[in-house]
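Novice: One file: my_file.cif (mmCIF, C-alpha atoms).
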```cif
data_input
loop_
_atom_site.label_atom_id
_atom_site.label_comp_id
_atom_site.auth_asym_id
_atom_site.auth_seq_id
_atom_site.Cartn_x
_atom_site.Cartn_y
_atom_site.Cartn_z
CA MET K 1 2.37 -1.14 21.29
CA TYR K 2 2.88 2.53 20.65
CA VAL K 3 4.40 4.29 23.68
CA GLU K 4 4.64 8.07 23.76
CA ALA K 5 8.04 9.39 24.70
CA GLY K 6 8.62 12.56 26.67
CA GLY K 7 9.19 14.68 23.57
CA GLY K 8 6.36 13.10 21.58
CA GLY K 9 6.71 10.38 18.99
CA PRO K 10 7.27 6.66 19.48
CA GLU K 11 9.48 5.12 22.11
CA SER K 12 9.21 1.81 20.27
CA CYS K 13 7.34 0.27 17.35
CA THR K 14 5.81 -3.19 17.20
CA ASP K 15 6.53 -5.71 14.46
CA TYR K 16 3.24 -6.42 12.65
CA SER K 17 4.71 -8.52 9.85
CA THR K 18 2.97 -11.57 11.33
CA SER K 19 -0.30 -9.89 12.37
CA SER K 20 -3.34 -12.16 11.92
CA SER K 21 -5.08 -9.29 10.09
CA LEU K 22 -2.26 -8.99 7.55
CA ILE K 23 -3.06 -11.34 4.65
CA ALA K 24 0.09 -10.60 2.70
CA TRP K 25 3.10 -8.30 2.69
CA TRP K 26 5.90 -7.78 0.16
CA ASP K 27 9.03 -5.84 1.03
CA MET K 28 9.78 -5.39 -2.71
CA GLU K 29 13.51 -5.80 -2.11
CA THR K 30 14.30 -8.59 -4.56
CA ALA K 31 14.32 -8.26 -8.33
CA ASN K 32 12.41 -11.48 -8.93
CA ALA K 33 10.47 -13.46 -6.30
CA ARG K 34 8.56 -11.51 -3.67
CA VAL K 35 7.24 -13.42 -0.67
CA ALA K 36 4.47 -12.51 1.72
CA THR K 37 5.51 -12.94 5.35
CA GLY K 38 2.32 -12.37 7.30
CA GLY K 39 -1.22 -13.66 7.69
CA THR K 40 -2.78 -16.59 5.86
CA CYS K 41 -0.33 -16.41 2.96
CA ALA K 42 2.46 -17.50 5.29
CA SER K 43 1.31 -21.09 4.80
CA GLY K 44 0.46 -22.86 1.57
CA SER K 45 1.04 -20.72 -1.51
CA ASN K 46 2.93 -17.93 0.33
CA CYS K 47 1.55 -15.54 -2.32
CA ASP K 48 4.83 -15.33 -4.22
CA LEU K 49 4.73 -12.88 -7.11
CA THR K 50 5.90 -13.62 -10.65
CA ASP K 51 8.28 -11.05 -12.15
CA ASN K 52 7.15 -10.10 -15.66
CA ASN K 53 9.62 -8.36 -17.98
CA THR K 54 12.32 -7.95 -15.34
CA VAL K 55 11.31 -5.55 -12.60
CA THR K 56 14.60 -4.29 -11.16
CA LEU K 57 15.72 -3.37 -7.67
CA ASN K 58 16.24 0.34 -6.97
CA THR K 59 18.75 0.83 -4.16
CA THR K 60 18.72 4.63 -4.35
CA ASP K 61 15.03 5.49 -3.97
CA PHE K 62 13.31 3.38 -1.34
CA GLN K 63 11.32 3.93 1.81
CA GLU K 64 12.29 0.96 3.97
CA ALA K 65 15.08 -1.59 4.32
CA LEU K 66 17.38 -2.03 1.30
CA GLY K 67 15.48 -1.17 -1.88
CA SER K 68 12.25 -0.83 -3.84
CA ALA K 69 10.77 -2.33 -7.01
CA ASP K 70 11.47 -0.10 -10.03
CA PHE K 71 8.78 -0.10 -12.74
CA GLU K 72 9.49 1.13 -16.27
CA LYS K 73 6.42 1.75 -18.41
CA ASP K 74 8.29 1.38 -21.69
CA ASN K 75 9.30 -2.16 -20.70
CA SER K 76 5.73 -3.20 -19.69
CA GLU K 77 7.02 -4.32 -16.27
CA TYR K 78 4.65 -5.76 -13.68
CA LEU K 79 4.33 -8.37 -10.93
CA SER K 80 1.52 -10.91 -10.70
CA CYS K 81 0.09 -13.89 -8.84
CA ALA K 82 -2.55 -16.12 -10.44
CA ASP K 83 -5.90 -16.23 -8.67
CA ALA K 84 -5.64 -20.00 -8.31
CA THR K 85 -2.43 -19.52 -6.33
CA CYS K 86 -3.20 -16.29 -4.46
CA GLY K 87 -6.82 -16.91 -3.54
CA GLU K 88 -6.08 -15.67 -0.02
CA LEU K 89 -5.97 -12.14 -1.47
CA ASN K 90 -9.62 -12.30 -2.57
CA THR K 91 -10.86 -10.09 0.23
CA ASP K 92 -14.58 -10.15 1.01
CA ALA K 93 -16.53 -7.79 3.28
CA ALA K 94 -13.52 -5.78 4.52
CA PHE K 95 -10.01 -4.84 3.39
CA THR K 96 -7.13 -2.40 3.65
CA VAL K 97 -4.48 -2.15 0.92
CA MET K 98 -1.44 0.09 1.20
CA ALA K 99 1.92 0.82 -0.43
CA TRP K 100 4.71 3.38 -0.64
CA VAL K 101 4.82 4.77 -4.20
CA ILE K 102 6.98 7.21 -6.17
CA LEU K 103 5.32 8.41 -9.37
CA ASN K 104 8.24 9.70 -11.42
CA THR K 105 6.32 11.02 -14.43
CA SER K 106 2.71 11.84 -15.16
CA PRO K 107 1.05 8.74 -16.66
CA ALA K 108 -1.20 10.91 -18.88
CA VAL K 109 -3.91 8.27 -18.40
CA THR K 110 -5.24 6.24 -15.47
CA ALA K 111 -2.65 3.62 -14.41
CA ASN K 112 -2.91 0.85 -11.81
CA PHE K 113 -0.61 0.41 -8.82
CA VAL K 114 -2.18 -2.63 -7.09
CA SER K 115 -5.16 -4.55 -8.50
CA ASP K 116 -7.34 -7.57 -7.73
CA LEU K 117 -10.62 -6.48 -9.30
CA THR K 118 -13.57 -7.91 -11.22
CA SER K 119 -17.04 -6.47 -11.72
CA ALA K 120 -18.27 -8.64 -8.84
CA GLY K 121 -15.60 -7.89 -6.25
CA GLY K 122 -12.14 -6.78 -5.25
CA PHE K 123 -10.15 -3.55 -5.36
CA VAL K 124 -7.72 -1.49 -7.37
CA LEU K 125 -5.38 1.31 -6.23
CA ARG K 126 -4.37 3.61 -9.08
CA THR K 127 -3.45 7.11 -10.22
CA THR K 128 -5.55 9.30 -12.48
CA ALA K 129 -4.09 11.18 -15.43
CA SER K 130 -3.93 14.22 -13.14
CA GLU K 131 -2.01 12.33 -10.40
CA ASN K 132 -4.97 12.02 -8.04
CA PHE K 133 -4.92 8.83 -5.96
CA GLU K 134 -7.95 6.66 -6.68
CA CYS K 135 -9.42 3.48 -5.21
CA ARG K 136 -12.14 1.41 -6.86
CA ALA K 137 -13.97 -1.30 -4.90
CA ALA K 138 -16.54 -3.74 -6.24
CA GLY K 139 -19.33 -5.89 -4.90
CA PRO K 140 -22.28 -7.88 -6.24
CA GLY K 141 -24.01 -5.59 -8.72
CA THR K 142 -22.28 -2.41 -7.58
CA ASN K 143 -18.92 -0.66 -7.44
CA LYS K 144 -17.63 2.65 -6.16
CA THR K 145 -14.62 4.80 -7.01
CA GLU K 146 -13.16 7.23 -4.47
CA THR K 147 -10.74 9.89 -5.73
CA SER K 148 -8.44 11.87 -3.45
CA GLY K 149 -8.87 15.59 -3.06
CA GLY K 150 -5.11 16.04 -3.17
CA THR K 151 -2.59 14.83 -5.73
CA ILE K 152 0.49 12.63 -5.64
CA THR K 153 3.62 14.79 -5.81
CA LEU K 154 5.81 13.61 -8.68
CA GLY K 155 9.23 12.31 -7.71
CA THR K 156 8.41 11.98 -4.00
CA PHE K 157 7.37 8.94 -1.98
CA ALA K 158 3.71 8.88 -0.95
CA HIS K 159 2.10 6.35 1.36
CA LEU K 160 -1.18 5.34 -0.35
CA SER K 161 -3.93 3.35 1.34
CA CYS K 162 -7.52 2.32 0.66
CA SER K 163 -9.93 0.67 3.11
CA TYR K 164 -13.51 -0.61 3.26
CA ASP K 165 -15.83 -2.51 5.65
CA GLU K 166 -19.38 -3.46 4.70
CA ALA K 167 -20.19 -4.11 8.37
CA GLY K 168 -19.00 -0.64 9.32
CA ASP K 169 -19.83 2.68 7.65
CA ASP K 170 -19.67 1.17 4.11
CA GLU K 171 -17.33 3.95 2.99
CA VAL K 172 -14.51 3.47 0.47
CA LYS K 173 -11.75 5.53 2.07
CA VAL K 174 -8.49 6.78 0.57
CA TYR K 175 -5.45 8.02 2.51
CA ILE K 176 -2.31 9.86 1.44
CA ASP K 177 0.61 9.87 3.90
CA GLY K 178 -1.55 8.48 6.69
CA VAL K 179 -4.29 11.12 6.40
CA ILE K 180 -7.76 10.47 4.98
CA ASP K 181 -8.22 12.41 1.73
CA CYS K 182 -11.64 11.68 0.23
CA SER K 183 -12.82 14.43 -2.12
CA GLY K 184 -15.82 15.49 -0.05
CA SER K 185 -17.73 12.67 1.67
CA CYS K 186 -16.28 9.20 1.10
CA ASN K 187 -18.38 7.14 -1.31
CA VAL K 188 -20.64 4.48 0.21
CA MET K 189 -20.90 0.94 -1.22
CA ASP K 190 -23.45 -1.42 0.36
CA ASP K 191 -21.67 -4.76 -0.13
CA ALA K 192 -18.22 -5.95 -1.12
CA GLY K 193 -17.41 -9.13 -3.00
CA ALA K 194 -14.45 -11.42 -3.58
CA SER K 195 -12.49 -11.06 -6.80
CA THR K 196 -11.61 -13.96 -9.08
CA ALA K 197 -8.99 -11.97 -10.99
CA ASP K 198 -5.22 -12.38 -10.76
CA PHE K 199 -3.46 -10.15 -8.23
CA THR K 200 -1.19 -7.69 -10.05
CA ILE K 201 1.13 -4.79 -9.32
CA SER K 202 1.57 -2.22 -12.12
CA LEU K 203 -0.72 -3.83 -14.68
CA GLY K 204 -3.96 -2.96 -16.37
CA HIS K 205 -6.58 -0.32 -17.08
CA THR K 206 -5.95 2.06 -20.01
CA THR K 207 -2.18 1.65 -20.06
CA LEU K 208 0.32 -1.02 -19.17
CA GLY K 209 2.31 0.21 -16.25
CA TRP K 210 3.74 3.52 -15.08
CA ASP K 211 7.17 4.96 -14.26
CA GLY K 212 8.29 4.89 -10.66
CA GLU K 213 9.08 2.84 -7.57
CA MET K 214 6.97 0.89 -5.09
CA ASP K 215 7.88 -0.31 -1.59
CA GLU K 216 6.16 -2.20 1.25
CA VAL K 217 2.92 -3.40 -0.39
CA SER K 218 0.40 -5.01 1.97
CA VAL K 219 -3.14 -6.43 1.96
CA TRP K 220 -5.20 -6.74 5.17
CA ASP K 221 -8.53 -8.49 5.80
CA VAL K 222 -9.88 -5.70 8.01
CA GLN K 223 -10.59 -2.00 7.59
CA LEU K 224 -7.82 -0.38 9.58
CA THR K 225 -8.86 2.80 11.33
CA ALA K 226 -7.38 6.19 10.45
CA PRO K 227 -5.02 6.12 13.48
CA GLU K 228 -3.94 2.57 12.62
CA ILE K 229 -3.14 3.49 9.02
CA CYS K 230 -1.20 6.51 10.22
CA TYR K 231 0.68 4.30 12.68
CA VAL K 232 1.69 1.76 10.01
CA CYS K 233 2.68 4.63 7.71
CA SER K 234 4.87 6.11 10.41
CA CYS K 235 6.36 2.99 12.02
CA GLY K 236 6.17 0.56 9.11
CA ILE K 237 5.03 -3.05 9.22
CA GLU K 238 8.32 -4.17 10.70
CA ASN K 239 9.72 -2.83 13.93
CA GLY K 240 11.04 0.73 13.78
CA GLU K 241 10.80 1.52 10.07
CA SER K 242 9.44 4.27 7.79
CA CYS K 243 9.27 7.70 9.34
CA THR K 244 10.30 7.12 12.95
CA GLY K 245 14.03 7.55 12.49
CA ASN K 246 14.81 4.85 15.06
CA ALA K 247 18.47 4.01 15.56
CA GLY K 248 19.63 1.12 13.43
CA ASP K 249 17.36 1.82 10.48
CA VAL K 250 18.93 1.57 7.04
CA PRO K 251 18.49 4.95 5.29
CA GLY K 252 16.72 5.43 2.01
CA SER K 253 16.95 8.39 -0.36
CA GLY K 254 16.89 11.54 1.75
CA GLY K 255 17.27 9.61 5.00
CA GLY K 256 19.98 9.95 7.57
CA SER K 257 22.04 7.28 9.29
CA ALA K 258 19.30 6.72 11.86
CA GLY K 259 16.17 6.78 9.73
CA ARG K 260 14.29 5.85 6.60
CA ASN K 261 13.37 8.35 3.92
CA VAL K 262 12.15 10.80 6.57
CA ALA K 263 12.41 13.79 4.26
CA GLU K 264 9.59 12.33 2.14
CA CYS K 265 7.22 11.30 4.93
CA GLY K 266 4.94 14.32 4.51
CA SER K 267 2.20 14.23 7.15
CA CYS K 268 3.04 10.62 7.98
CA THR K 269 4.63 11.30 11.35
CA MET K 270 3.79 10.08 14.83
CA ALA K 271 2.84 13.64 15.77
CA ASN K 272 -0.21 13.18 13.52
CA CYS K 273 -1.05 9.66 14.69
CA ASP K 274 -3.17 8.46 17.59
CA ALA K 275 -1.68 6.02 20.07
CA THR K 276 -3.36 3.05 18.37
CA ALA K 277 -1.66 0.18 16.59
CA PRO K 278 -3.11 -2.52 14.29
CA THR K 279 -4.34 -5.64 16.06
#
```
Could you rewrite the structure in this file as C-alpha cells?

Specialist:
Amino acid sequence: MYVEAGGGGPESCTDYSTSSSLIAWWDMETANARVATGGTCASGSNCDLTDNNTVTLNTTDFQEALGSADFEKDNSEYLSCADATCGELNTDAAFTVMAWVILNTSPAVTANFVSDLTSAGGFVLRTTASENFECRAAGPGTNKTETSGGTITLGTFAHLSCSYDEAGDDEVKVYIDGVIDCSGSCNVMDDAGASTADFTISLGHTTLGWDGEMDEVSVWDVQLTAPEICYVCSCGIENGESCTGNAGDVPGSGGGSAGRNVAECGSCTMANCDATAPT
C-alpha cells in the first residue's frame, strides 16, 4: 500500500501487475509480441498482440523500464488482437483504460490510441486534430464522447486515462497526468455494452495511425477512482516505477539514475495523489 514518508511522497509502491481488477497490461518493450501479465488474460489467450507493419522499440523515449513502442504513421503501424482471441477485453458495465503517450506531431485529424469499440459497446482513447484527449464509450443504443479541456503537449509524455461505471455516477471521465480533465461536467451514459470488435493500438477512425510512442497500456474491469488513477500514474503498475524516482529504477528520456522520466510527469506526482491504491 501507499505509505507517506516524512517529506511527503511514497515510501514504497505496490506491484499491481497481477491485480484481479487488471484485465490486461502490456509493457510495450518488445518489437513484436506483447503479453498481458495481469488479470484474466494471464490464463488462456494471454491477450498477446500481433505486430502489424513492424512497430519498433524506442529505447530513448520511454516512461518505464527499457523502452516504448514507436508508431510511424507513414508506415501504417499498429498492434492488434482479434476479438475471438482477446474476448477478455470486452469490458461491460465498468472499465478503466490508460497509457503513457508521446504525440510527436499533430495528427491533423482524429487518430486512435487504444480502441475496442462498436456501436453497441466498448471504448476508444484518441486524440483530436487539435491534440485534445478524447474518450468515446458505447452501450446499447447510446454512446458518449468526452473531450479534455486541456491538450496533449507535443513531444512530451502524457499519462492518459478514461473510466466509466454504469453502477456508479454513469460519467465517462478523462484524465491527463492523473488529474480529471473533463471539459465542463463529464458526459453521462446510462448503460455500457461489450464490444465485439478487435482490440487495436494505433488503428482506425479517420486516419491510420499517428506519430509517437506509447508505453504501459492497461485495461481494467473497474472504474478506478481519481486517487487510484493518480497513484498508478505516479507509481506505475509495477513496483516503484513512473514518477516516484525510487532507487533502482531504469531511467527513461529526461530521467536520472534513480527514476523514470520524471521530468515529463507533469501533475502526476504523489504530492497530488491521495493515499489510495487500486484493489

Novice: Under the PyMOL selection byres ((chain K and resi 155-160) around 9), which residues of this model are included? Write them out as a CSV table (one decimal) with C-alpha atoms, in the frame of the given file.

Specialist:
```csv
chain,number,residue,atom,x,y,z
K,61,ASP,CA,15.0,5.5,-4.0
K,62,PHE,CA,13.3,3.4,-1.3
K,63,GLN,CA,11.3,3.9,1.8
K,97,VAL,CA,-4.5,-2.2,0.9
K,98,MET,CA,-1.4,0.1,1.2
K,99,ALA,CA,1.9,0.8,-0.4
K,100,TRP,CA,4.7,3.4,-0.6
K,101,VAL,CA,4.8,4.8,-4.2
K,102,ILE,CA,7.0,7.2,-6.2
K,103,LEU,CA,5.3,8.4,-9.4
K,104,ASN,CA,8.2,9.7,-11.4
K,105,THR,CA,6.3,11.0,-14.4
K,125,LEU,CA,-5.4,1.3,-6.2
K,133,PHE,CA,-4.9,8.8,-6.0
K,152,ILE,CA,0.5,12.6,-5.6
K,153,THR,CA,3.6,14.8,-5.8
K,154,LEU,CA,5.8,13.6,-8.7
K,161,SER,CA,-3.9,3.4,1.3
K,162,CYS,CA,-7.5,2.3,0.7
K,174,VAL,CA,-8.5,6.8,0.6
K,175,TYR,CA,-5.4,8.0,2.5
K,176,ILE,CA,-2.3,9.9,1.4
K,177,ASP,CA,0.6,9.9,3.9
K,178,GLY,CA,-1.6,8.5,6.7
K,212,GLY,CA,8.3,4.9,-10.7
K,213,GLU,CA,9.1,2.8,-7.6
K,214,MET,CA,7.0,0.9,-5.1
K,233,CYS,CA,2.7,4.6,7.7
K,261,ASN,CA,13.4,8.4,3.9
K,264,GLU,CA,9.6,12.3,2.1
K,265,CYS,CA,7.2,11.3,4.9
K,266,GLY,CA,4.9,14.3,4.5
K,268,CYS,CA,3.0,10.6,8.0
```

Novice: Evaluate the PyMOL selection byres ((chain K and resi 110-120) around 9) on the structure here and hand back the selected residues as a PyMOL selection string.

Specialist: chain K and resi 83+89-90+97-99+101+107-109+121-131+136-143+192-210+214+217

Novice: Give as a PyMOL selection string the residues that the PyMOL selection byres ((chain K and resi 53) around 8) matches when applied to the coordinates above.

Specialist: chain K and resi 51-52+54-55+75-78

Novice: Nearest to Asp48 in chain K among K:Ser106, K:Thr85, K:Ser20, K:Ser218, with distances taken over only C-alpha atoms: which residue is it?

Specialist: K:Thr85

Novice: Would you please work out which residue, of K:Ile23, K:Leu57, K:Leu66, K:Ala84, is nearest to Cys41 in chain K when using all atoms listed in the file?

Specialist: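 The shortest atom-to-atom distance to Cys41 in chain K comes from K:Ile23.
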
Novice: Between CA of Glu171 in chain K and CA of Gly236 in chain K, what distance in Å does the model show, to one decimal?

Specialist: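 Result for CA of Glu171 in chain K versus CA of Gly236 in chain K: 24.5 Å, one decimal.
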
Novice: What separation in Å, quoted to one decimal, exists between CA of Val219 in chain K and CA of Glu238 in chain K?

Specialist: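 A separation of 14.6 Å between them.
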
Novice: Could you work out how far CA of Leu79 in chain K lies from CA of Asp211 in chain K, giving the answer in Å with one decimal?

Specialist: 14.0 Å

Novice: Please complete range 73-84 of chain K so it has N, CA and C atoms, and hand it over as a CSV table (one decimal), in the frame of the given file.

Specialist:
```csv
chain,number,residue,atom,x,y,z
K,73,LYS,N,7.6,1.9,-17.5
K,73,LYS,CA,6.4,1.8,-18.4
K,73,LYS,C,6.8,1.2,-19.8
K,74,ASP,N,7.9,1.8,-20.3
K,74,ASP,CA,8.3,1.4,-21.7
K,74,ASP,C,8.6,-0.1,-21.8
K,75,ASN,N,9.0,-0.7,-20.7
K,75,ASN,CA,9.3,-2.2,-20.7
K,75,ASN,C,8.1,-3.1,-20.3
K,76,SER,N,6.9,-2.4,-20.1
K,76,SER,CA,5.7,-3.2,-19.7
K,76,SER,C,6.0,-4.1,-18.5
K,77,GLU,N,6.6,-3.5,-17.4
K,77,GLU,CA,7.0,-4.3,-16.3
K,77,GLU,C,5.9,-4.4,-15.3
K,78,TYR,N,5.7,-5.6,-14.7
K,78,TYR,CA,4.6,-5.8,-13.7
K,78,TYR,C,4.9,-7.0,-12.9
K,79,LEU,N,4.3,-7.2,-11.8
K,79,LEU,CA,4.3,-8.4,-10.9
K,79,LEU,C,2.9,-9.0,-10.9
K,80,SER,N,2.8,-10.3,-10.7
K,80,SER,CA,1.5,-10.9,-10.7
K,80,SER,C,1.5,-12.2,-9.9
K,81,CYS,N,0.3,-12.6,-9.5
K,81,CYS,CA,0.1,-13.9,-8.8
K,81,CYS,C,-1.3,-14.4,-9.3
K,82,ALA,N,-1.3,-15.6,-9.9
K,82,ALA,CA,-2.6,-16.1,-10.4
K,82,ALA,C,-3.6,-16.3,-9.3
K,83,ASP,N,-4.8,-16.1,-9.7
K,83,ASP,CA,-5.9,-16.2,-8.7
K,83,ASP,C,-5.9,-17.6,-8.0
K,84,ALA,N,-5.6,-18.6,-8.8
K,84,ALA,CA,-5.6,-20.0,-8.3
K,84,ALA,C,-4.6,-20.2,-7.2
```
